[in-house]
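Student: Here you go, this is coords_14.pdb (PDB, C-alpha atoms and all ligand atoms).
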ATOM      1  CA  MET A   1      89.211 110.634   3.915  1.00  0.00           C
ATOM      2  CA  ASN A   2      85.769 111.116   5.538  1.00  0.00           C
ATOM      3  CA  ASP A   3      85.239 113.554   8.413  1.00  0.00           C
ATOM      4  CA  PRO A   4      85.622 111.180  11.418  1.00  0.00           C
ATOM      5  CA  ASP A   5      88.745 109.617   9.859  1.00  0.00           C
ATOM      6  CA  ARG A   6      90.207 113.029   9.156  1.00  0.00           C
ATOM      7  CA  ARG A   7      89.543 114.215  12.725  1.00  0.00           C
ATOM      8  CA  GLN A   8      91.215 111.128  14.185  1.00  0.00           C
ATOM      9  CA  PHE A   9      94.162 111.577  11.858  1.00  0.00           C
ATOM     10  CA  LEU A  10      94.577 115.225  12.873  1.00  0.00           C
ATOM     11  CA  GLN A  11      94.314 114.371  16.568  1.00  0.00           C
ATOM     12  CA  ARG A  12      96.927 111.611  16.231  1.00  0.00           C
ATOM     13  CA  THR A  13      99.235 113.882  14.223  1.00  0.00           C
ATOM     14  CA  GLY A  14      98.822 116.732  16.716  1.00  0.00           C
ATOM     15  CA  ARG A  15      99.653 114.444  19.640  1.00  0.00           C
ATOM     16  CA  THR A  16     102.756 113.145  17.926  1.00  0.00           C
ATOM     17  CA  THR A  17     103.975 116.643  17.073  1.00  0.00           C
ATOM     18  CA  CYS A  18     103.545 117.802  20.665  1.00  0.00           C
ATOM     19  CA  ALA A  19     105.131 114.688  22.123  1.00  0.00           C
ATOM     20  CA  VAL A  20     108.203 115.330  19.978  1.00  0.00           C
ATOM     21  CA  ALA A  21     108.245 119.039  20.872  1.00  0.00           C
ATOM     22  CA  LEU A  22     107.891 118.319  24.601  1.00  0.00           C
ATOM     23  CA  GLY A  23     110.549 115.611  24.605  1.00  0.00           C
ATOM     24  CA  GLY A  24     113.798 116.653  26.286  1.00  0.00           C
ATOM     25  CA  THR A  25     112.448 119.992  27.523  1.00  0.00           C
ATOM     26  CA  GLY A  26     112.240 118.854  31.132  1.00  0.00           C
ATOM     27  CA  ILE A  27     108.573 119.894  31.290  1.00  0.00           C
ATOM     28  CA  VAL A  28     106.635 118.673  34.309  1.00  0.00           C
ATOM     29  CA  LEU A  29     103.116 118.248  33.034  1.00  0.00           C
ATOM     30  CA  GLY A  30     100.212 119.180  35.199  1.00  0.00           C
ATOM     31  CA  ARG A  31      97.407 116.652  35.595  1.00  0.00           C
ATOM     32  CA  ARG A  32      93.772 116.817  34.577  1.00  0.00           C
ATOM     33  CA  ALA A  33      90.567 114.982  35.126  1.00  0.00           C
ATOM     34  CA  CYS A  34      89.368 115.096  31.507  1.00  0.00           C
ATOM     35  CA  SER A  35      89.607 111.775  29.701  1.00  0.00           C
ATOM     36  CA  GLU A  36      90.034 113.523  26.336  1.00  0.00           C
ATOM     37  CA  ASP A  37      93.264 114.975  24.985  1.00  0.00           C
ATOM     38  CA  ALA A  38      94.658 117.845  27.046  1.00  0.00           C
ATOM     39  CA  TRP A  39      96.342 121.089  26.066  1.00  0.00           C
ATOM     40  CA  ALA A  40      99.915 121.806  27.165  1.00  0.00           C
ATOM     41  CA  ILE A  41     102.546 124.524  26.761  1.00  0.00           C
ATOM     42  CA  VAL A  42     105.828 123.684  25.025  1.00  0.00           C
ATOM     43  CA  PRO A  43     108.407 125.540  27.171  1.00  0.00           C
ATOM     44  CA  ASN A  44     111.068 126.105  24.555  1.00  0.00           C
ATOM     45  CA  LYS A  45     108.527 127.631  22.163  1.00  0.00           C
ATOM     46  CA  CYS A  46     106.568 129.845  24.580  1.00  0.00           C
ATOM     47  CA  VAL A  47     107.630 133.508  24.334  1.00  0.00           C
ATOM     48  CA  ASN A  48     107.605 133.881  28.114  1.00  0.00           C
ATOM     49  CA  ILE A  49     109.252 130.624  29.177  1.00  0.00           C
ATOM     50  CA  ARG A  50     111.963 130.073  26.589  1.00  0.00           C
ATOM     51  CA  LEU A  51     115.401 131.253  27.630  1.00  0.00           C
ATOM     52  CA  GLY A  52     117.268 134.054  25.928  1.00  0.00           C
ATOM     53  CA  VAL A  53     114.505 136.650  25.961  1.00  0.00           C
ATOM     54  CA  THR A  54     113.887 139.018  28.870  1.00  0.00           C
ATOM     55  CA  GLY A  55     112.094 142.319  29.253  1.00  0.00           C
ATOM     56  CA  SER A  56     108.513 143.115  30.185  1.00  0.00           C
ATOM     57  CA  GLU A  57     107.971 144.885  26.825  1.00  0.00           C
ATOM     58  CA  GLN A  58     107.894 141.544  25.028  1.00  0.00           C
ATOM     59  CA  VAL A  59     105.638 139.563  27.364  1.00  0.00           C
ATOM     60  CA  CYS A  60     102.933 137.506  25.625  1.00  0.00           C
ATOM     61  CA  ASP A  61      99.693 137.669  27.639  1.00  0.00           C
ATOM     62  CA  VAL A  62      97.525 135.537  25.341  1.00  0.00           C
ATOM     63  CA  CYS A  63      97.373 132.728  27.933  1.00  0.00           C
ATOM     64  CA  ALA A  64      95.826 135.191  30.394  1.00  0.00           C
ATOM     65  CA  THR A  65      93.483 136.991  28.017  1.00  0.00           C
ATOM     66  CA  ASP A  66      92.237 134.365  25.573  1.00  0.00           C
ATOM     67  CA  CYS A  67      91.080 131.459  27.749  1.00  0.00           C
ATOM     68  CA  VAL A  68      87.296 131.048  27.728  1.00  0.00           C
ATOM     69  CA  LEU A  69      87.269 130.810  31.533  1.00  0.00           C
ATOM     70  CA  PRO A  70      86.859 133.999  33.622  1.00  0.00           C
ATOM     71  CA  LEU A  71      90.251 133.243  35.231  1.00  0.00           C
ATOM     72  CA  SER A  72      92.498 131.444  32.747  1.00  0.00           C
ATOM     73  CA  ALA A  73      93.324 127.750  33.232  1.00  0.00           C
ATOM     74  CA  VAL A  74      97.025 128.684  32.949  1.00  0.00           C
ATOM     75  CA  ARG A  75      99.112 129.410  36.053  1.00  0.00           C
ATOM     76  CA  ALA A  76     102.694 130.344  36.846  1.00  0.00           C
ATOM     77  CA  VAL A  77     104.546 127.631  38.766  1.00  0.00           C
ATOM     78  CA  ASN A  78     107.831 128.056  40.647  1.00  0.00           C
ATOM     79  CA  ASP A  79     110.095 125.011  40.732  1.00  0.00           C
ATOM     80  CA  HIS A  80     111.586 125.436  44.208  1.00  0.00           C
ATOM     81  CA  ALA A  81     114.422 123.023  43.461  1.00  0.00           C
ATOM     82  CA  GLU A  82     115.611 125.390  40.712  1.00  0.00           C
ATOM     83  CA  CYS A  83     114.873 128.716  42.418  1.00  0.00           C
ATOM     84  CA  GLY A  84     117.830 130.765  43.742  1.00  0.00           C
ATOM     85  CA  ARG A  85     115.664 132.188  46.610  1.00  0.00           C
ATOM     86  CA  CYS A  86     117.160 135.601  45.813  1.00  0.00           C
ATOM     87  CA  CYS A  87     116.518 138.585  48.056  1.00  0.00           C
ATOM     88  CA  ILE A  88     115.919 140.808  45.023  1.00  0.00           C
ATOM     89  CA  CYS A  89     113.915 138.443  42.866  1.00  0.00           C
ATOM     90  CA  PRO A  90     113.220 140.001  39.431  1.00  0.00           C
ATOM     91  CA  ALA A  91     109.946 138.058  39.229  1.00  0.00           C
ATOM     92  CA  TYR A  92     108.760 139.359  42.596  1.00  0.00           C
ATOM     93  CA  TYR A  93     110.060 142.936  42.412  1.00  0.00           C
ATOM     94  CA  ASP A  94     109.807 145.469  39.613  1.00  0.00           C
ATOM     95  CA  VAL A  95     113.580 145.783  39.337  1.00  0.00           C
ATOM     96  CA  ARG A  96     113.293 148.443  36.633  1.00  0.00           C
ATOM     97  CA  GLY A  97     111.293 150.736  38.916  1.00  0.00           C
ATOM     98  CA  PRO A  98     112.467 153.104  41.707  1.00  0.00           C
ATOM     99  CA  MET A  99     114.180 151.831  44.847  1.00  0.00           C
ATOM    100  CA  GLY A 100     112.587 152.193  48.276  1.00  0.00           C
ATOM    101  CA  PRO A 101     114.226 153.564  51.448  1.00  0.00           C
ATOM    102  CA  ASP A 102     115.137 150.012  52.547  1.00  0.00           C
ATOM    103  CA  GLY A 103     117.344 149.539  49.475  1.00  0.00           C
ATOM    104  CA  LEU A 104     114.883 147.159  47.833  1.00  0.00           C
ATOM    105  CA  PRO A 105     112.718 147.904  44.748  1.00  0.00           C
ATOM    106  CA  ALA A 106     109.668 149.903  45.820  1.00  0.00           C
ATOM    107  CA  LYS A 107     107.109 147.989  43.715  1.00  0.00           C
ATOM    108  CA  LYS A 108     106.175 144.380  43.099  1.00  0.00           C
ATOM    109  CA  LEU A 109     106.076 143.067  39.535  1.00  0.00           C
ATOM    110  CA  CYS A 110     102.930 140.925  39.609  1.00  0.00           C
ATOM    111  CA  PRO A 111      99.870 143.014  38.696  1.00  0.00           C
ATOM    112  CA  ARG A 112      97.671 140.639  40.723  1.00  0.00           C
ATOM    113  CA  ASP A 113      99.899 140.397  43.794  1.00  0.00           C
ATOM    114  CA  ALA A 114      99.919 136.644  43.303  1.00  0.00           C
ATOM    115  CA  ILE A 115     103.495 135.908  44.438  1.00  0.00           C
ATOM    116  CA  VAL A 116     104.004 135.139  48.127  1.00  0.00           C
ATOM    117  CA  ARG A 117     107.455 135.846  49.617  1.00  0.00           C
ATOM    118  CA  THR A 118     108.382 133.954  52.790  1.00  0.00           C
ATOM    119  CA  PRO A 119     111.735 134.407  54.594  1.00  0.00           C
ATOM    120  CA  ILE A 120     113.876 131.301  55.008  1.00  0.00           C
ATOM    121  CA  GLY A 121     115.394 131.316  58.506  1.00  0.00           C
ATOM    122  CA  GLU A 122     116.135 134.475  60.460  1.00  0.00           C
ATOM    123  CA  VAL A 123     116.149 137.772  58.571  1.00  0.00           C
ATOM    124  CA  ASP A 124     119.272 139.896  59.025  1.00  0.00           C
ATOM    125  CA  PRO A 125     118.067 143.530  58.797  1.00  0.00           C
ATOM    126  CA  TYR A 126     121.642 144.842  58.446  1.00  0.00           C
ATOM    127  CA  ASP A 127     122.528 142.703  55.457  1.00  0.00           C
ATOM    128  CA  PRO A 128     119.389 142.405  53.281  1.00  0.00           C
ATOM    129  CA  LEU A 129     121.173 140.824  50.341  1.00  0.00           C
ATOM    130  CA  ASN A 130     122.289 137.957  52.537  1.00  0.00           C
ATOM    131  CA  ASN A 131     118.709 136.903  53.278  1.00  0.00           C
ATOM    132  CA  PHE A 132     116.898 134.197  51.346  1.00  0.00           C
ATOM    133  CA  TYR A 133     113.221 133.751  50.517  1.00  0.00           C
ATOM    134  CA  GLU A 134     110.791 131.165  49.242  1.00  0.00           C
ATOM    135  CA  TYR A 135     108.552 132.412  46.408  1.00  0.00           C
ATOM    136  CA  THR A 136     105.218 130.685  45.931  1.00  0.00           C
ATOM    137  CA  ILE A 137     102.433 131.419  43.461  1.00  0.00           C
ATOM    138  CA  ASP A 138      98.963 132.033  44.913  1.00  0.00           C
ATOM    139  CA  GLU A 139      96.947 130.164  42.288  1.00  0.00           C
ATOM    140  CA  SER A 140      93.674 131.734  43.366  1.00  0.00           C
ATOM    141  CA  LYS A 141      95.060 135.073  42.085  1.00  0.00           C
ATOM    142  CA  CYS A 142      97.419 134.152  39.219  1.00  0.00           C
ATOM    143  CA  ASN A 143      95.978 134.387  35.703  1.00  0.00           C
ATOM    144  CA  GLY A 144      99.066 133.192  33.835  1.00  0.00           C
ATOM    145  CA  CYS A 145      99.964 136.610  32.437  1.00  0.00           C
ATOM    146  CA  GLY A 146     103.604 135.513  32.186  1.00  0.00           C
ATOM    147  CA  ARG A 147     105.301 138.646  33.482  1.00  0.00           C
ATOM    148  CA  CYS A 148     107.108 136.865  36.309  1.00  0.00           C
ATOM    149  CA  VAL A 149     108.042 134.010  33.970  1.00  0.00           C
ATOM    150  CA  MET A 150     109.627 136.427  31.511  1.00  0.00           C
ATOM    151  CA  GLU A 151     111.727 138.037  34.251  1.00  0.00           C
ATOM    152  CA  CYS A 152     113.009 134.853  35.888  1.00  0.00           C
ATOM    153  CA  LYS A 153     115.859 134.381  33.423  1.00  0.00           C
ATOM    154  CA  ASP A 154     119.514 135.224  32.968  1.00  0.00           C
ATOM    155  CA  PRO A 155     121.193 137.333  34.168  1.00  0.00           C
ATOM    156  CA  ALA A 156     119.091 137.937  37.308  1.00  0.00           C
ATOM    157  CA  GLY A 157     116.830 134.858  37.395  1.00  0.00           C
ATOM    158  CA  LEU A 158     117.424 131.118  37.058  1.00  0.00           C
ATOM    159  CA  GLY A 159     114.390 130.192  34.946  1.00  0.00           C
ATOM    160  CA  SER A 160     112.611 128.391  37.784  1.00  0.00           C
ATOM    161  CA  ILE A 161     109.180 129.886  37.016  1.00  0.00           C
ATOM    162  CA  ARG A 162     107.196 128.587  34.061  1.00  0.00           C
ATOM    163  CA  LEU A 163     103.600 128.524  32.847  1.00  0.00           C
ATOM    164  CA  GLU A 164     101.474 125.377  33.074  1.00  0.00           C
ATOM    165  CA  VAL A 165      97.914 124.449  32.156  1.00  0.00           C
ATOM    166  CA  ARG A 166      95.955 123.396  35.245  1.00  0.00           C
ATOM    167  CA  TYR A 167      94.109 120.331  34.047  1.00  0.00           C
ATOM    168  CA  ASP A 168      91.443 120.348  36.712  1.00  0.00           C
ATOM    169  CA  LEU A 169      90.468 123.866  35.580  1.00  0.00           C
ATOM    170  CA  CYS A 170      90.774 123.555  31.806  1.00  0.00           C
ATOM    171  CA  VAL A 171      87.515 122.416  30.198  1.00  0.00           C
ATOM    172  CA  CYS A 172      89.420 121.000  27.226  1.00  0.00           C
ATOM    173  CA  CYS A 173      87.774 123.061  24.490  1.00  0.00           C
ATOM    174  CA  ASN A 174      87.899 121.381  21.128  1.00  0.00           C
ATOM    175  CA  GLN A 175      89.253 124.586  19.609  1.00  0.00           C
ATOM    176  CA  CYS A 176      91.265 126.150  22.458  1.00  0.00           C
ATOM    177  CA  SER A 177      91.201 129.905  21.922  1.00  0.00           C
ATOM    178  CA  ILE A 178      94.689 130.238  23.424  1.00  0.00           C
ATOM    179  CA  ALA A 179      96.058 127.713  20.941  1.00  0.00           C
ATOM    180  CA  GLN A 180      94.382 129.593  18.095  1.00  0.00           C
ATOM    181  CA  HIS A 181      96.034 132.881  19.077  1.00  0.00           C
ATOM    182  CA  CYS A 182      99.395 131.679  20.404  1.00  0.00           C
ATOM    183  CA  PRO A 183     102.032 133.513  18.314  1.00  0.00           C
ATOM    184  CA  GLU A 184     104.538 130.633  18.481  1.00  0.00           C
ATOM    185  CA  GLU A 185     102.362 127.510  18.189  1.00  0.00           C
ATOM    186  CA  ALA A 186     103.517 126.707  21.722  1.00  0.00           C
ATOM    187  CA  TYR A 187     100.084 125.547  22.882  1.00  0.00           C
ATOM    188  CA  CYS A 188      99.275 122.058  21.738  1.00  0.00           C
ATOM    189  CA  ARG A 189      97.531 118.751  22.397  1.00  0.00           C
ATOM    190  CA  ILE A 190      98.889 115.878  24.485  1.00  0.00           C
ATOM    191  CA  GLY A 191      97.227 112.705  25.773  1.00  0.00           C
ATOM    192  CA  PRO A 192      94.687 112.507  28.628  1.00  0.00           C
ATOM    193  CA  GLN A 193      95.968 113.619  32.042  1.00  0.00           C
ATOM    194  CA  PRO A 194      94.756 112.461  35.507  1.00  0.00           C
ATOM    195  CA  ALA A 195      93.270 114.799  38.125  1.00  0.00           C
ATOM    196  CA  PRO A 196      95.672 116.792  40.348  1.00  0.00           C
ATOM    197  CA  ALA A 197      96.031 116.473  44.091  1.00  0.00           C
ATOM    198  CA  ARG A 198      95.113 119.754  45.812  1.00  0.00           C
ATOM    199  CA  THR A 199      96.069 121.286  49.134  1.00  0.00           C
ATOM    200  CA  LEU A 200      93.419 122.492  51.578  1.00  0.00           C
ATOM    201  CA  GLU A 201      94.108 126.054  50.417  1.00  0.00           C
ATOM    202  CA  GLY A 202      93.231 125.126  46.857  1.00  0.00           C
ATOM    203  CA  GLY A 203      96.802 125.052  45.528  1.00  0.00           C
ATOM    204  CA  HIS A 204      98.393 122.033  43.840  1.00  0.00           C
ATOM    205  CA  VAL A 205     100.853 119.716  45.527  1.00  0.00           C
TER     206      VAL A 205
HETATM  207  S1  LIG B 301      91.014 124.528  26.247  1.00  0.00           S
HETATM  208 FE1  LIG B 301      89.514 126.129  26.814  1.00  0.00          FE
HETATM  209  S2  LIG B 301      89.570 126.192  29.083  1.00  0.00           S
HETATM  210 FE2  LIG B 301      91.414 125.101  28.401  1.00  0.00          FE
HETATM  211  S3  LIG B 301      93.034 126.660  28.280  1.00  0.00           S
HETATM  212 FE3  LIG B 301      92.086 126.523  26.226  1.00  0.00          FE
HETATM  213  S4  LIG B 301      90.470 128.077  26.191  1.00  0.00           S
HETATM  214 FE4  LIG B 301      91.045 127.734  28.351  1.00  0.00          FE
HETATM  215  S1  LIG B 302     101.902 134.874  35.800  1.00  0.00           S
HETATM  216 FE1  LIG B 302     101.248 137.028  36.083  1.00  0.00          FE
HETATM  217  S2  LIG B 302      99.557 136.892  37.589  1.00  0.00           S
HETATM  218 FE2  LIG B 302     100.696 134.939  37.702  1.00  0.00          FE
HETATM  219  S3  LIG B 302     102.185 135.236  39.357  1.00  0.00           S
HETATM  220 FE3  LIG B 302     103.216 135.746  37.412  1.00  0.00          FE
HETATM  221  S4  LIG B 302     102.996 137.978  37.200  1.00  0.00           S
HETATM  222 FE4  LIG B 302     101.479 137.287  38.739  1.00  0.00          FE
HETATM  223  S1  LIG B 303      99.983 132.159  23.982  1.00  0.00           S
HETATM  224 FE1  LIG B 303     101.714 130.827  23.464  1.00  0.00          FE
HETATM  225  S2  LIG B 303     103.564 132.152  23.532  1.00  0.00           S
HETATM  226 FE2  LIG B 303     101.863 133.253  24.574  1.00  0.00          FE
HETATM  227  S3  LIG B 303     102.162 132.776  26.762  1.00  0.00           S
HETATM  228 FE3  LIG B 303     100.678 131.263  25.934  1.00  0.00          FE
HETATM  229  S4  LIG B 303     101.934 129.480  25.271  1.00  0.00           S
HETATM  230 FE4  LIG B 303     103.323 131.241  25.578  1.00  0.00          FE
END
Take the structure from the file and write it as structure tokens.
Tutor:
Amino acid sequence: MNDPDRRQFLQRTGRTTCAVALGGTGIVLGRRACSEDAWAIVPNKCVNIRLGVTGSEQVCDVCATDCVLPLSAVRAVNDHAECGRCCICPAYYDVRGPMGPDGLPAKKLCPRDAIVRTPIGEVDPYDPLNNFYEYTIDESKCNGCGRCVMECKDPAGLGSIRLEVRYDLCVCCNQCSIAQHCPEEAYCRIGPQPAPARTLEGGHV
């Protein structure tokens, strides 16, 4: 097999493997402008997303540290339909740290303060645990470090936060450095993806 044939064969094989791995995982793929093959994260392989593993000690931060971009093309995304809107969200608060005088954890979990907490309805100051909140990722700050994703799992979280490649940011490197260093082969090629719609604030809709 000559070089061009071999490259095409490998690309086709890689796409098929990823399509099979992504099938049935419920992944919502982001969208990209690049007409070439895109990179995607397979949720049930990724150390941070897959269920059954919690604990900040085991977080994989390769998606945050190994992208060639100054701020990685990977972001955390909260699926609001799945989120429990918990008052003490283990992705928002450092639930292993000390408690504050208000009965809530004293520190936030995200090292980049990239999670926005917005009360839903009126806040009852006398019954904090009976209040509910919307949690949104500020994508201008998030670098996809995965800490919040790792914490949003049983028993305290519902798994509503995952990591996604933002296809309008990713420059579609031929040899993605995240894919080369991913410990679980969870970063792989899929077909071309269209450009995303963006809000005025720069987030995705
Ligand atoms: S292909 Fe390049 S820009 Fe895209 S996630 Fe990988 S390293 Fe980052
Ligand atoms: S992935 Fe990391 S930087 Fe992004 S919101 Fe979660 S904890 Fe913050
Ligand atoms: S490098 Fe692989 S295992 Fe680590 S966070 Fe990224 S996709 Fe998940």
Student: From the set A:Val59, A:Ala106, A:Ala114, A:Leu163, which residue has the shortest atom-to-atom contact distance to Val74 of chain A, counting all atoms listed in the file?
Tutor: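 Smallest distance to Val74 of chain A is found for A:Leu163.
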Student: What lies within 8 Å of segment 41-55 of chain A using only C-alpha atoms, ignoring chain neighbours under 3 positions off, as a PyMOL selection string?
Tutor: chain A and resi 18+21-22+25+27+58-60+146-147+149-151+153-154+159+161-165+184-188
Student: Could you jot down the atom CA of Pro90 of chain A to atom S2 of ligand LIG 302 (chain B) separation for me, Å, one decimal place?
Tutor: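 One can read the atom CA of Pro90 of chain A to atom S2 of ligand LIG 302 (chain B) distance as 14.1 Å.
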Student: Neighbouring residues of ligand LIG 302 (chain B) are defined here as those with any atom at most 10 Å from a ligand atom, counting all atoms listed in the file; list them as a ChimeraX atom specification.
Tutor: /A:48,61,63-64,74-78,91-92,108-116,135-152,161-164
Student: Please measure the separation of atom S1 of ligand LIG 303 (chain B) and atom CA of Pro70 of chain A, giving the value in Å to one decimal.
Tutor: 16.4 Å
Student: For the structure provided, state which residues fall under the PyMOL selection byres (((not hetatm)) within 8 of (chain B and resi 301)), and present them as a list in words.
Tutor: Ala38, Trp39, Cys63, Asp66, Cys67, Val68, Leu69, Ser72, Ala73, Val74, Val165, Tyr167, Leu169, Cys170, Val171, Cys172, Cys173, Asn174, Gln175, Cys176, Ser177, Ile178 and Ala179 of chain A
Student: Enclose ligand LIG 303 (chain B), meaning all of its atoms listed in the file, in a box aligned along x, y and z, pad it by 8 Å on each side, and list the centre and edge lengths in Å to one decimal, as lines of an AutoDock Vina configuration file.
Tutor:
center_x = 101.8
center_y = 131.4
center_z = 25.1
size_x = 19.6
size_y = 19.8
size_z = 19.3
Student: Quick one: apply the PyMOL selection byres (((chain A and resi 105) around 10) and not hetatm) to the file and drop the selected residues here as a PyMOL selection string.
Tutor: chain A and resi 88-90+92-104+106-109
Student: How many Å lie between atom CA of Cys86 of chain A and atom CA of Phe132 of chain A, rounded to one decimal?
Tutor: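 Going from atom CA of Cys86 of chain A over to atom CA of Phe132 of chain A covers 5.7 Å.
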Student: Counting all atoms listed in the file, which residue out of A:Ser160, A:Thr65, A:Gln180, A:Asn131 sits closest to Thr118 of chain A?
Tutor: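 Looking at the shortest contact to Thr118 of chain A, the residue is A:Asn131.
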Student: Of the residues A:Ala40, A:Leu129, A:Val123, A:Gly84, which is the one nearest to Cys182 of chain A, using only C-alpha atoms?
Tutor: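 The answer is A:Ala40, which sits nearest to Cys182 of chain A.
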Student: Counting only C-alpha atoms and all ligand atoms, which of A:Val62, A:Asp79, A:Arg189, A:Ala156 gets nearest to ligand LIG 303 (chain B)?
Tutor: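 Result for the nearest residue to ligand LIG 303 (chain B): A:Val62.
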Student: If you apply the PyMOL selection byres (((chain A and resi 120) around 7) and not hetatm) to this file, what residues do you get, as a PyMOL selection string?
Tutor: chain A and resi 118-119+121-122+132-134
